[in-house]
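final_1.cif follows (mmCIF, C-alpha atoms and all ligand atoms):
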data_data
loop_
_atom_site.label_atom_id
_atom_site.label_comp_id
_atom_site.auth_asym_id
_atom_site.auth_seq_id
_atom_site.Cartn_x
_atom_site.Cartn_y
_atom_site.Cartn_z
CA MET A 1 10.97 12.31 -21.63
CA ALA A 2 12.86 13.11 -18.43
CA ALA A 3 11.89 11.43 -15.18
CA SER A 4 9.48 13.24 -12.85
CA ILE A 5 11.06 13.66 -9.45
CA VAL A 6 9.07 13.79 -6.24
CA PRO A 7 11.24 14.66 -3.25
CA VAL A 8 10.61 13.14 0.18
CA SER A 9 12.05 15.57 2.72
CA LEU A 10 13.23 13.84 5.88
CA ASN A 11 16.45 15.66 6.83
CA GLU A 12 19.38 13.30 6.43
CA ARG A 13 17.05 10.52 5.34
CA SER A 14 15.62 12.54 2.43
CA TYR A 15 15.28 10.75 -0.88
CA LYS A 16 13.84 11.03 -4.34
CA ILE A 17 11.05 9.20 -6.07
CA LEU A 18 11.83 8.92 -9.79
CA ILE A 19 8.87 8.29 -12.08
CA GLN A 20 9.43 7.52 -15.75
CA ALA A 21 8.01 5.14 -18.32
CA GLY A 22 10.83 2.76 -19.29
CA LEU A 23 12.95 3.67 -16.23
CA LEU A 24 13.79 0.02 -15.57
CA ARG A 25 15.90 -0.05 -18.74
CA ARG A 26 17.72 3.19 -17.93
CA LEU A 27 19.13 2.63 -14.48
CA GLY A 28 22.84 2.52 -15.30
CA THR A 29 23.63 6.15 -14.49
CA ARG A 30 21.55 6.12 -11.29
CA LEU A 31 23.49 3.09 -10.05
CA ASP A 32 26.78 4.92 -10.68
CA GLU A 33 25.59 8.11 -9.03
CA LEU A 34 24.42 6.24 -5.93
CA GLY A 35 27.70 4.33 -5.77
CA VAL A 36 26.15 0.86 -5.96
CA ARG A 37 29.07 -1.57 -6.26
CA GLY A 38 30.06 -5.19 -5.73
CA LYS A 39 27.00 -7.33 -5.18
CA ALA A 40 23.38 -6.43 -4.69
CA GLY A 41 20.42 -8.52 -3.57
CA ILE A 42 17.14 -8.45 -5.48
CA VAL A 43 14.11 -9.52 -3.47
CA THR A 44 11.19 -10.31 -5.75
CA ASP A 45 8.40 -12.83 -6.15
CA ARG A 46 7.84 -15.50 -8.79
CA ASN A 47 5.24 -13.51 -10.75
CA VAL A 48 7.32 -10.36 -10.93
CA ALA A 49 10.53 -12.30 -11.59
CA GLN A 50 8.96 -13.80 -14.69
CA HIS A 51 8.52 -10.33 -16.23
CA TYR A 52 11.27 -8.09 -14.87
CA LEU A 53 14.02 -9.92 -12.99
CA HIS A 54 16.09 -10.71 -16.05
CA GLN A 55 16.02 -7.06 -17.12
CA LEU A 56 17.22 -5.81 -13.72
CA VAL A 57 19.93 -8.45 -13.40
CA HIS A 58 21.14 -7.49 -16.85
CA THR A 59 21.19 -3.76 -16.02
CA LEU A 60 23.15 -4.44 -12.83
CA LYS A 61 25.60 -6.64 -14.68
CA ARG A 62 26.26 -3.91 -17.24
CA SER A 63 27.21 -1.66 -14.34
CA GLY A 64 29.58 -4.33 -13.00
CA ILE A 65 27.29 -5.40 -10.15
CA ASP A 66 26.70 -9.06 -9.26
CA ALA A 67 23.00 -9.67 -8.65
CA VAL A 68 21.86 -12.14 -6.01
CA PRO A 69 18.15 -12.81 -6.73
CA ILE A 70 15.93 -13.92 -3.84
CA VAL A 71 12.69 -15.11 -5.41
CA LEU A 72 9.77 -15.60 -3.01
CA ALA A 73 6.36 -17.21 -3.30
CA PRO A 74 3.88 -14.47 -4.26
CA GLY A 75 1.15 -13.16 -1.98
CA GLU A 76 0.43 -11.90 1.52
CA GLN A 77 1.03 -15.37 2.98
CA SER A 78 4.74 -14.79 2.36
CA LYS A 79 4.79 -11.67 4.55
CA THR A 80 6.12 -13.48 7.61
CA LEU A 81 9.16 -13.53 9.86
CA ASP A 82 10.11 -16.88 8.32
CA THR A 83 10.50 -15.23 4.94
CA VAL A 84 12.58 -12.43 6.46
CA GLU A 85 14.81 -15.07 8.00
CA HIS A 86 15.21 -16.69 4.60
CA ILE A 87 16.25 -13.35 3.07
CA LEU A 88 18.74 -12.76 5.92
CA ASP A 89 20.16 -16.27 5.41
CA VAL A 90 20.88 -15.53 1.76
CA LEU A 91 22.48 -12.17 2.58
CA ALA A 92 24.67 -13.74 5.25
CA ARG A 93 25.65 -16.69 3.06
CA HIS A 94 26.71 -14.31 0.31
CA ARG A 95 28.63 -12.24 2.84
CA PHE A 96 26.71 -9.05 2.24
CA GLU A 97 28.32 -6.07 3.92
CA ARG A 98 27.03 -2.90 5.53
CA SER A 99 27.33 -1.04 2.21
CA SER A 100 25.70 -3.74 0.02
CA TYR A 101 22.41 -2.71 -1.58
CA LEU A 102 19.14 -4.58 -1.47
CA PHE A 103 16.53 -3.99 -4.20
CA ALA A 104 12.83 -4.62 -3.65
CA LEU A 105 11.39 -5.49 -7.06
CA GLY A 106 7.67 -6.13 -6.70
CA GLY A 107 4.48 -5.17 -4.94
CA GLY A 108 3.83 -4.07 -1.39
CA VAL A 109 4.53 -7.52 0.02
CA VAL A 110 8.02 -7.64 -1.47
CA GLY A 111 8.68 -4.00 -0.51
CA ASP A 112 7.61 -4.47 3.11
CA LEU A 113 9.62 -7.69 3.45
CA ALA A 114 12.78 -6.47 1.73
CA GLY A 115 12.65 -3.15 3.56
CA PHE A 116 12.40 -4.91 6.91
CA ALA A 117 15.24 -7.30 6.06
CA ALA A 118 17.36 -4.31 4.95
CA ALA A 119 16.52 -2.52 8.22
CA ILE A 120 17.77 -5.32 10.44
CA TYR A 121 20.59 -6.97 8.48
CA GLN A 122 23.74 -5.66 10.16
CA ARG A 123 21.51 -2.95 11.69
CA GLY A 124 20.69 -1.52 8.30
CA ILE A 125 21.88 -1.74 4.71
CA PRO A 126 20.81 0.60 1.89
CA PHE A 127 17.77 -0.45 -0.07
CA ILE A 128 15.91 0.73 -3.14
CA GLN A 129 12.25 0.27 -3.88
CA ILE A 130 11.27 -0.69 -7.43
CA PRO A 131 7.51 -1.02 -7.01
CA THR A 132 5.56 -2.92 -9.67
CA THR A 133 1.94 -2.82 -8.44
CA LEU A 134 -0.33 0.20 -8.29
CA ILE A 135 -0.54 -0.11 -4.48
CA ALA A 136 3.22 -0.12 -4.24
CA GLN A 137 3.78 2.73 -6.72
CA ALA A 138 1.09 4.97 -5.29
CA ASP A 139 1.55 4.12 -1.65
CA SER A 140 3.61 1.41 0.01
CA SER A 141 7.05 2.10 -1.53
CA VAL A 142 7.04 5.62 -0.12
CA GLY A 143 7.33 6.48 3.55
CA GLY A 144 9.56 3.83 5.09
CA LYS A 145 7.06 1.57 6.80
CA THR A 146 8.41 -1.95 6.56
CA GLY A 147 7.41 -5.17 8.25
CA VAL A 148 5.55 -8.46 8.33
CA ASP A 149 2.25 -9.89 9.52
CA HIS A 150 1.65 -11.85 12.69
CA ARG A 151 -1.08 -14.45 12.95
CA LEU A 152 -2.93 -12.10 15.34
CA GLY A 153 -2.76 -9.06 13.15
CA LYS A 154 -1.46 -7.46 10.03
CA ASN A 155 1.86 -5.62 10.04
CA LEU A 156 2.28 -6.21 13.78
CA ILE A 157 6.05 -6.52 13.45
CA GLY A 158 8.17 -3.98 11.65
CA ALA A 159 10.41 -0.95 11.55
CA PHE A 160 10.50 2.51 10.07
CA TYR A 161 13.27 2.37 7.51
CA GLN A 162 13.56 4.70 4.55
CA PRO A 163 14.78 3.59 1.13
CA LYS A 164 17.66 5.39 -0.59
CA GLU A 165 15.48 5.98 -3.60
CA VAL A 166 12.22 4.82 -5.17
CA TRP A 167 12.23 3.98 -8.86
CA ILE A 168 8.82 3.87 -10.47
CA ASP A 169 8.37 2.60 -14.00
CA PRO A 170 4.64 2.85 -14.79
CA LEU A 171 5.14 0.48 -17.77
CA THR A 172 5.50 -2.39 -15.30
CA LEU A 173 1.83 -1.92 -14.39
CA ARG A 174 0.77 -3.27 -17.78
CA THR A 175 1.30 -6.87 -16.71
CA LEU A 176 -0.57 -6.52 -13.43
CA PRO A 177 -3.63 -8.82 -13.21
CA MET A 178 -6.93 -6.92 -13.39
CA ARG A 179 -7.88 -7.81 -9.82
CA GLU A 180 -4.63 -6.31 -8.45
CA TRP A 181 -5.02 -3.25 -10.65
CA ILE A 182 -8.49 -2.49 -9.37
CA ALA A 183 -7.43 -3.16 -5.78
CA GLY A 184 -4.71 -0.52 -6.14
CA LEU A 185 -7.24 2.11 -7.16
CA ALA A 186 -8.56 2.06 -3.57
CA GLU A 187 -5.31 3.56 -2.23
CA VAL A 188 -5.32 6.22 -4.96
CA ILE A 189 -8.91 7.19 -4.09
CA LYS A 190 -7.86 7.35 -0.42
CA TYR A 191 -5.46 10.22 -1.15
CA GLY A 192 -8.20 12.33 -2.66
CA ILE A 193 -10.43 11.76 0.37
CA ILE A 194 -7.82 12.51 3.02
CA ALA A 195 -5.95 15.40 1.47
CA ASP A 196 -6.98 16.74 -1.91
CA GLU A 197 -10.52 17.45 -3.04
CA LYS A 198 -9.26 18.59 -6.47
CA PHE A 199 -7.55 15.24 -6.99
CA PHE A 200 -10.72 13.45 -5.86
CA SER A 201 -12.73 15.39 -8.48
CA TYR A 202 -10.09 14.46 -11.06
CA LEU A 203 -10.60 10.80 -10.13
CA GLU A 204 -14.38 11.17 -10.39
CA ARG A 205 -13.91 12.45 -13.94
CA THR A 206 -11.18 10.08 -15.09
CA MET A 207 -12.06 6.81 -13.36
CA PRO A 208 -13.22 5.09 -16.59
CA GLY A 209 -9.83 5.86 -18.21
CA LEU A 210 -7.92 4.96 -15.08
CA ARG A 211 -9.72 1.65 -14.89
CA LYS A 212 -8.54 0.96 -18.45
CA ARG A 213 -4.96 1.97 -17.50
CA GLU A 214 -4.70 4.92 -19.90
CA SER A 215 -1.07 5.84 -19.53
CA ALA A 216 -1.33 9.60 -19.05
CA THR A 217 -4.02 9.24 -16.38
CA VAL A 218 -2.10 6.46 -14.65
CA ALA A 219 1.11 8.52 -14.57
CA ALA A 220 -0.76 11.55 -13.20
CA ALA A 221 -2.55 9.51 -10.53
CA VAL A 222 0.66 7.77 -9.39
CA LYS A 223 2.56 11.06 -9.25
CA ARG A 224 -0.14 12.92 -7.29
CA SER A 225 -0.49 10.00 -4.85
CA CYS A 226 3.29 10.00 -4.27
CA GLU A 227 3.30 13.78 -3.74
CA LEU A 228 0.49 13.58 -1.21
CA LYS A 229 2.07 10.68 0.62
CA ALA A 230 5.50 12.36 0.60
CA HIS A 231 3.93 15.48 2.04
CA VAL A 232 2.17 13.66 4.88
CA VAL A 233 5.23 11.51 5.67
CA ALA A 234 7.53 14.55 5.71
CA SER A 235 5.30 16.18 8.29
CA ASP A 236 5.29 13.09 10.54
CA GLU A 237 7.78 10.36 9.68
CA ARG A 238 7.05 8.00 12.58
CA GLU A 239 3.29 8.19 12.69
CA SER A 240 2.95 10.06 15.94
CA ASP A 241 -0.11 11.85 14.72
CA ARG A 242 -0.74 13.39 11.32
CA ARG A 243 0.58 10.41 9.40
CA ARG A 244 -2.24 8.35 10.82
CA ILE A 245 -4.58 9.98 8.33
CA LEU A 246 -3.04 7.55 5.82
CA ASN A 247 -4.88 4.82 7.71
CA TYR A 248 -8.23 6.04 6.46
CA GLY A 249 -10.18 3.05 5.19
CA HIS A 250 -7.74 0.71 6.89
CA THR A 251 -9.36 0.36 10.33
CA ILE A 252 -12.26 -1.65 8.97
CA GLY A 253 -10.18 -2.64 5.92
CA HIS A 254 -7.47 -4.42 7.88
CA ALA A 255 -10.05 -6.17 10.05
CA LEU A 256 -11.81 -7.53 6.95
CA GLU A 257 -8.49 -8.60 5.49
CA THR A 258 -7.56 -10.47 8.69
CA LEU A 259 -10.99 -12.09 9.02
CA GLY A 260 -10.76 -13.29 5.44
CA GLY A 261 -7.44 -14.93 6.23
CA TYR A 262 -5.75 -12.52 3.75
CA GLN A 263 -7.27 -14.60 0.98
CA SER A 264 -10.91 -13.79 0.30
CA LEU A 265 -10.03 -10.10 -0.02
CA VAL A 266 -6.71 -8.71 -1.19
CA HIS A 267 -5.50 -5.60 0.66
CA GLY A 268 -6.85 -2.98 -1.73
CA GLU A 269 -10.26 -4.69 -1.98
CA ALA A 270 -10.57 -4.60 1.80
CA VAL A 271 -9.49 -0.94 1.81
CA GLY A 272 -12.08 -0.11 -0.87
CA ILE A 273 -14.83 -1.43 1.42
CA GLY A 274 -13.18 0.41 4.33
CA LEU A 275 -13.24 3.75 2.47
CA VAL A 276 -17.00 3.56 2.04
CA GLN A 277 -17.93 1.92 5.35
CA GLU A 278 -15.76 4.24 7.47
CA ALA A 279 -17.39 7.22 5.74
CA ASP A 280 -20.77 5.66 6.47
CA LEU A 281 -19.77 5.24 10.11
CA ALA A 282 -18.55 8.86 10.20
CA CYS A 283 -21.90 9.95 8.83
CA TYR A 284 -23.69 7.82 11.46
CA LEU A 285 -21.59 9.53 14.14
CA GLY A 286 -22.64 12.91 12.75
CA LEU A 287 -19.17 13.84 11.49
CA CYS A 288 -20.01 14.30 7.82
CA ASP A 289 -22.92 14.66 5.41
CA ARG A 290 -24.46 11.73 3.59
CA SER A 291 -23.32 13.36 0.32
CA VAL A 292 -19.68 12.67 1.31
CA VAL A 293 -20.45 8.97 1.70
CA GLU A 294 -22.26 8.82 -1.60
CA ARG A 295 -19.45 10.56 -3.53
CA ILE A 296 -16.95 8.09 -2.09
CA ARG A 297 -19.25 5.14 -2.80
CA LYS A 298 -19.68 6.22 -6.43
CA VAL A 299 -15.96 6.46 -7.16
CA VAL A 300 -15.24 3.18 -5.37
CA GLN A 301 -17.94 1.47 -7.43
CA ALA A 302 -16.72 3.14 -10.64
CA ALA A 303 -13.30 1.70 -9.93
CA GLY A 304 -14.86 -1.76 -9.93
CA LEU A 305 -14.43 -2.27 -6.18
CA SER A 306 -16.97 -3.65 -3.75
CA ASP A 307 -18.36 -1.23 -1.16
CA ARG A 308 -20.30 -3.77 0.91
CA LEU A 309 -19.43 -5.09 4.33
CA PRO A 310 -19.03 -8.89 4.29
CA PRO A 311 -21.45 -10.70 6.62
CA TRP A 312 -19.30 -10.93 9.74
CA GLN A 313 -20.73 -10.19 13.17
CA SER A 314 -20.01 -6.80 14.65
CA ALA A 315 -18.17 -8.33 17.65
CA LYS A 316 -15.89 -10.26 15.32
CA ILE A 317 -15.02 -7.21 13.25
CA TRP A 318 -14.47 -5.17 16.42
CA LYS A 319 -12.15 -7.82 17.84
CA ALA A 320 -10.12 -7.83 14.64
CA MET A 321 -10.02 -4.02 14.76
CA LEU A 322 -8.63 -4.18 18.31
CA HIS A 323 -5.66 -6.19 17.11
CA ASP A 324 -4.72 -3.37 14.82
CA LYS A 325 -2.05 -0.87 15.80
CA LYS A 326 -4.49 2.04 15.76
CA VAL A 327 -5.70 1.09 19.21
CA SER A 328 -5.24 3.28 22.23
CA ARG A 329 -6.45 2.11 25.67
CA GLY A 330 -9.07 -0.28 24.28
CA GLN A 331 -10.53 2.33 21.96
CA VAL A 332 -10.01 2.25 18.26
CA VAL A 333 -8.71 5.54 16.92
CA GLY A 334 -10.44 6.02 13.59
CA VAL A 335 -9.89 8.49 10.78
CA TRP A 336 -13.13 10.12 9.69
CA PRO A 337 -13.89 12.31 6.70
CA GLU A 338 -15.46 15.67 7.52
CA ARG A 339 -15.65 16.54 3.85
CA ILE A 340 -13.77 15.35 0.77
CA GLY A 341 -10.13 16.41 1.19
CA ARG A 342 -10.28 16.72 4.97
CA VAL A 343 -10.30 14.09 7.72
CA ARG A 344 -10.06 14.09 11.49
CA MET A 345 -8.99 11.48 14.01
CA MET A 346 -11.22 10.39 16.85
CA PRO A 347 -11.58 7.30 19.01
CA ILE A 348 -14.66 5.14 18.76
CA ASP A 349 -15.94 2.67 21.36
CA GLN A 350 -17.47 -0.74 20.82
CA GLY A 351 -21.01 0.38 21.68
CA SER A 352 -21.09 3.00 18.93
CA PHE A 353 -19.58 0.56 16.47
CA ARG A 354 -22.17 -2.08 17.33
CA ARG A 355 -25.06 0.35 17.00
CA TRP A 356 -23.80 1.51 13.61
CA HIS A 357 -23.32 -2.09 12.51
CA GLN A 358 -26.91 -2.93 13.50
CA ALA A 359 -28.11 0.16 11.67
CA VAL A 360 -26.25 -0.95 8.54
CA HIS A 361 -28.03 -4.30 8.77
CA ARG A 362 -31.38 -2.58 8.99
CA GLY A 363 -30.40 -0.10 6.32
CA SER A 364 -31.17 2.80 8.65
CA SER A 365 -27.77 4.47 8.72
CA GLY A 366 -28.95 6.26 5.62
CA GLY A 367 -27.01 3.96 3.33
CA ARG A 368 -28.32 1.04 1.39
CA PRO A 369 -29.65 -2.00 3.26
CA PHE A 370 -27.02 -4.53 4.06
CA GLN A 371 -26.84 -7.30 1.53
CA THR A 372 -24.69 -10.34 1.68
CA ARG A 373 -23.04 -10.49 -1.66
CA ALA A 374 -20.12 -12.78 -2.36
CA VAL A 375 -17.01 -10.67 -1.95
CA VAL A 376 -14.70 -13.07 -3.70
CA ARG A 377 -14.39 -12.05 -7.31
CA LYS A 378 -12.71 -14.04 -9.99
CA LYS A 379 -9.38 -12.73 -11.29
N1 LIG A 401 4.46 -0.04 3.83
C1 LIG A 401 3.39 0.65 3.59
O1 LIG A 401 3.32 1.85 3.86
C2 LIG A 401 2.21 -0.04 2.97
C3 LIG A 401 1.16 0.70 2.43
C4 LIG A 401 0.13 0.03 1.77
C5 LIG A 401 0.18 -1.35 1.66
N2 LIG A 401 1.20 -2.05 2.20
C6 LIG A 401 1.27 -3.50 2.10
O2 LIG A 401 1.35 -3.86 0.74
C7 LIG A 401 0.79 -5.17 0.58
C8 LIG A 401 -0.12 -5.15 -0.62
O3 LIG A 401 0.63 -4.77 -1.75
P1 LIG A 401 0.31 -5.31 -3.21
O4 LIG A 401 -1.11 -5.17 -3.48
O5 LIG A 401 1.29 -4.68 -4.10
O6 LIG A 401 0.54 -6.89 -3.05
P2 LIG A 401 1.59 -7.94 -3.65
O7 LIG A 401 2.97 -7.51 -3.44
O8 LIG A 401 1.18 -9.24 -3.09
O9 LIG A 401 1.30 -7.94 -5.21
C9 LIG A 401 0.07 -8.38 -5.70
C10 LIG A 401 0.21 -9.47 -6.74
O10 LIG A 401 0.65 -8.91 -7.97
C11 LIG A 401 1.79 -9.62 -8.47
N3 LIG A 401 2.56 -8.63 -9.20
C12 LIG A 401 3.25 -7.60 -8.69
N4 LIG A 401 3.70 -6.79 -9.67
C13 LIG A 401 3.30 -7.34 -10.83
C14 LIG A 401 3.43 -6.95 -12.19
N5 LIG A 401 4.02 -5.79 -12.54
N6 LIG A 401 2.94 -7.76 -13.14
C15 LIG A 401 2.29 -8.91 -12.78
N7 LIG A 401 2.09 -9.31 -11.52
C16 LIG A 401 2.60 -8.53 -10.56
C17 LIG A 401 2.43 -10.19 -7.26
O11 LIG A 401 3.19 -11.32 -7.56
C18 LIG A 401 1.22 -10.54 -6.40
O12 LIG A 401 0.71 -11.78 -6.80
C19 LIG A 401 0.10 -5.50 1.86
O13 LIG A 401 0.89 -6.42 2.57
C20 LIG A 401 0.03 -4.18 2.61
O14 LIG A 401 0.06 -4.33 4.01
C21 LIG A 401 2.22 -1.42 2.84
ZN ZN A 402 -3.09 0.23 2.32
#

What does this structure look like when you write it as structure tokens?
Ligand SMILES: NC(=O)c1ccc[n+]([C@@H]2O[C@H](COP(=O)([O-])OP(=O)(O)OC[C@H]3O[C@@H](n4cnc5c(N)ncnc54)[C@H](O)[C@@H]3O)[C@@H](O)[C@H]2O)c1
Ligand SMILES: [Zn+2]
Amino acid sequence: MAASIVPVSLNERSYKILIQAGLLRRLGTRLDELGVRGKAGIVTDRNVAQHYLHQLVHTLKRSGIDAVPIVLAPGEQSKTLDTVEHILDVLARHRFERSSYLFALGGGVVGDLAGFAAAIYQRGIPFIQIPTTLIAQADSSVGGKTGVDHRLGKNLIGAFYQPKEVWIDPLTLRTLPMREWIAGLAEVIKYGIIADEKFFSYLERTMPGLRKRESATVAAAVKRSCELKAHVVASDERESDRRRILNYGHTIGHALETLGGYQSLVHGEAVGIGLVQEADLACYLGLCDRSVVERIRKVVQAAGLSDRLPPWQSAKIWKAMLHDKKVSRGQVVGVWPERIGRVRMMPIDQGSFRRWHQAVHRGSSGGRPFQTRAVVRKK
């Protein structure tokens, strides 16, 4: 079967997303067409390397390209400036040039790190995303946001830098641990909420199959997510306005992720809670009907994600939200659903947030009473 192609239209920075089962084994012609020559770096992590590094190195070798693997420790804790420095060291030691390619083989962490290193090494070398997690295939590999975390906030340091191409092989998702798989479903659900009610209904119907990784459903969900992201990014590459709708679920989500030290909740798990709780907050603010919250809650639960706010104090969550980039003059600019498939942006102040948070505790925001359930699930 031929690869599906999703174009990302950004003038001279336009590129293609190729989606095809087994693509990883069929890259030879693409490498020739793109003019990849000499040596190429492969940034990956130990888990991904174990499954796919050998295959990629072999493919590159067959095309006469010397691979320089840079294998990192897995996980969000690696998403630091120190790691970027390590990548840059390797590139410099191997005398990488302006035209040398860098491949990001892995999840969102590897993609964000490698993309940022590619953006700043010699002021920019070409890079290709080969995403291997659901989050990365459906979301992070598309759009050109690259960067690292700072101890005071997630993704505080970074650059917009577009890849030359994105190569998605859905077969790589088979080896993804269950916890990471389920976490990725949160980003997929997000697309339905922000931009496509029909896709959201599709997810409501197919979630049991998606949860079991049925290949046709997975391929359809990845493709539609890429199309929706490509569309939003093309309309606003540098997040001046419309692109911010992609942050839905991430205002509270990122705060929870930071408060948990990036460990108790992985990114998608925090976003899953954010999807439901931000809808609940929108409902509290009178921006949407309770039925919107309940539809979102149902799909999030069907995906196997938690929808409950962990027991942190409102002031603590607010403080973590203020460290996020979505802050403008002390107010947090949130993304709120009006109905499924349509969101709006609006600032919220601390008082409203605190009142909502108290209401959640008392169970009077219309949702279920707040319960402190352990949010750490076993893999
Ligand atoms: N740039 C963007 O636009 C954007 C968008 C969304 C998320 N992100 C970022 O992405 C990160 C989260 O991405 P993630 O969930 O992919 O995390 P990740 O890269 O840490 O991957 C999750 C885990 O899965 C393992 N793994 C990856 N692929 C595998 C495979 N095929 N088989 C087995 N194991 C595999 C990894 O080693 C890791 O342990 C966060 O840092 C988030 O900020 C960026
Ligand atoms: Zn995300």

Residues up to 8 Å from ligand ZN 402 (chain A), counting all atoms listed in the file: could you list those as a PyMOL selection string? chain A and resi 135+139-140+187+247+250+267-268+271

Resulting file, chosen residues, C-alpha atoms, as an mmCIF file, in the frame of the given file:
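That gives us again.cif:
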data_model
loop_
_atom_site.group_PDB
_atom_site.id
_atom_site.type_symbol
_atom_site.label_atom_id
_atom_site.label_comp_id
_atom_site.auth_asym_id
_atom_site.auth_seq_id
_atom_site.Cartn_x
_atom_site.Cartn_y
_atom_site.Cartn_z
ATOM 1 C CA ILE A 135 -0.540 -0.110 -4.480
ATOM 2 C CA ASP A 139 1.550 4.120 -1.650
ATOM 3 C CA SER A 140 3.610 1.410 0.010
ATOM 4 C CA GLU A 187 -5.310 3.560 -2.230
ATOM 5 C CA ASN A 247 -4.880 4.820 7.710
ATOM 6 C CA HIS A 250 -7.740 0.710 6.890
ATOM 7 C CA HIS A 267 -5.500 -5.600 0.660
ATOM 8 C CA GLY A 268 -6.850 -2.980 -1.730
ATOM 9 C CA VAL A 271 -9.490 -0.940 1.810
#

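Shortest atom-to-atom contact with ligand LIG 401 (chain A) among A:Arg242, A:Arg295, A:Arg342, A:Lys154: A:Lys154, counting only C-alpha atoms and all ligand atoms.
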
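Taking all atoms listed in the file into account, those protein, DNA and RNA residues with any atom at most 6 Å away from (-18.0, 2.3, 14.0) amount to Leu281, Ser352, Phe353 and Trp356 of chain A.
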
Residue nearest A:Val335 among A:Gln20, A:Thr175, A:Gln277, A:Thr133 (counting all atoms listed in the file):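 When distances to A:Val335 are compared using all atoms listed in the file, the smallest one comes from A:Gln277.
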
Restricting the calculation to only C-alpha atoms and all ligand atoms: of A:Val293, A:Val90, A:Leu322, A:Ala136, which residue gets closest to ligand LIG 401 (chain A)?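 Of all the options, A:Ala136 lies closest to ligand LIG 401 (chain A).
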
Can you write out as a tab-separated table which residues of chain A fall within 8 Å of ligand LIG 401 (chain A), alongside each residue's closest atom pair and its distance in Å to one decimal, counting only C-alpha atoms and all ligand atoms and ordering rows by chain and ascending residue number?
residue	atom	partner	partner_atom	distance
A:Asp45	CA	A:LIG401	O11	5.6
A:Arg46	CA	A:LIG401	O11	6.4
A:Asn47	CA	A:LIG401	O11	4.4
A:Val48	CA	A:LIG401	C13	5.0
A:His51	CA	A:LIG401	N6	6.9
A:Tyr52	CA	A:LIG401	N5	8.0
A:Ala73	CA	A:LIG401	O11	7.9
A:Pro74	CA	A:LIG401	O11	4.6
A:Gly75	CA	A:LIG401	O8	4.1
A:Glu76	CA	A:LIG401	O8	5.4
A:Lys79	CA	A:LIG401	O13	6.8
A:Gly106	CA	A:LIG401	N4	5.0
A:Gly107	CA	A:LIG401	O7	3.2
A:Gly108	CA	A:LIG401	O2	3.3
A:Val109	CA	A:LIG401	O7	3.8
A:Val110	CA	A:LIG401	O7	5.4
A:Gly111	CA	A:LIG401	N1	7.2
A:Asp112	CA	A:LIG401	N1	5.5
A:Pro131	CA	A:LIG401	N4	7.4
A:Thr132	CA	A:LIG401	N4	4.3
A:Thr133	CA	A:LIG401	N4	4.5
A:Leu134	CA	A:LIG401	O5	6.6
A:Ile135	CA	A:LIG401	O5	4.9
A:Ala136	CA	A:LIG401	O5	5.0
A:Asp139	CA	A:LIG401	C3	5.3
A:Ser140	CA	A:LIG401	C3	3.5
A:Ser141	CA	A:LIG401	N1	6.3
A:Val142	CA	A:LIG401	O1	6.6
A:Gly143	CA	A:LIG401	O1	6.1
A:Gly144	CA	A:LIG401	N1	6.5
A:Lys145	CA	A:LIG401	N1	4.3
A:Thr146	CA	A:LIG401	N1	5.2
A:Gly147	CA	A:LIG401	N1	7.4
A:Val148	CA	A:LIG401	O13	7.7
A:Asp149	CA	A:LIG401	O13	7.9
A:Lys154	CA	A:LIG401	O14	7.0
A:Asn155	CA	A:LIG401	O14	6.4
A:Thr172	CA	A:LIG401	N5	4.6
A:Leu173	CA	A:LIG401	N5	4.8
A:Arg174	CA	A:LIG401	N5	6.7
A:Thr175	CA	A:LIG401	N6	4.0
A:Leu176	CA	A:LIG401	N6	3.7
A:Pro177	CA	A:LIG401	C15	5.9
A:Glu180	CA	A:LIG401	C9	5.8
A:Ala183	CA	A:LIG401	O4	7.0
A:Gly184	CA	A:LIG401	O4	6.5
A:Glu187	CA	A:LIG401	C4	7.6
A:Val266	CA	A:LIG401	O4	7.0
A:His267	CA	A:LIG401	C8	5.5
A:Gly268	CA	A:LIG401	O4	6.4

Could you state the separation of atom CA of A:Asp307 and atom CA of A:Ile189 in Å, given to one decimal place?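 Straight-line distance from atom CA of A:Asp307 to atom CA of A:Ile189 works out to 13.0 Å.
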
Mind pulling up the distance from atom CA of A:Ser9 to atom CA of A:Pro163? 12.4 Å

Could you check the closest approach to A:Leu287 for each of A:Glu338, A:Glu257, A:Asp241, A:Asp349 and tell me which residue wins, using all atoms listed in the file?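 Closest to A:Leu287, using all atoms listed in the file: A:Glu338.
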
Just the number, please: distance in Å from atom CA of A:Pro170 to atom CA of A:Tyr262, one decimal. 26.2 Å

Excluding stretch 217-227 of chain A and residues on its chain fewer than 3 positions from it, collect all residues at most 7 Å away from it, counting all atoms listed in the file, and give them as a compact mmCIF listing (two decimals) with C-alpha atoms, keeping the file's coordinate frame.
# COMPACT_ATOMS: atom_id res chain seq x y z
CA VAL A 6 9.07 13.79 -6.24
CA GLN A 137 3.78 2.73 -6.72
CA ALA A 138 1.09 4.97 -5.29
CA ASP A 139 1.55 4.12 -1.65
CA PRO A 170 4.64 2.85 -14.79
CA VAL A 188 -5.32 6.22 -4.96
CA TYR A 191 -5.46 10.22 -1.15
CA GLY A 209 -9.83 5.86 -18.21
CA LEU A 210 -7.92 4.96 -15.08
CA ARG A 213 -4.96 1.97 -17.50
CA GLU A 214 -4.70 4.92 -19.90
CA ALA A 230 5.50 12.36 0.60
CA HIS A 231 3.93 15.48 2.04

Find the spatial neighbours of A:Ala2, counting all atoms listed in the file, within a cut-off of 10 Å - ignore same-chain residues fewer than 6 positions away - and output them as a PyMOL selection string. chain A and resi 18-21+23
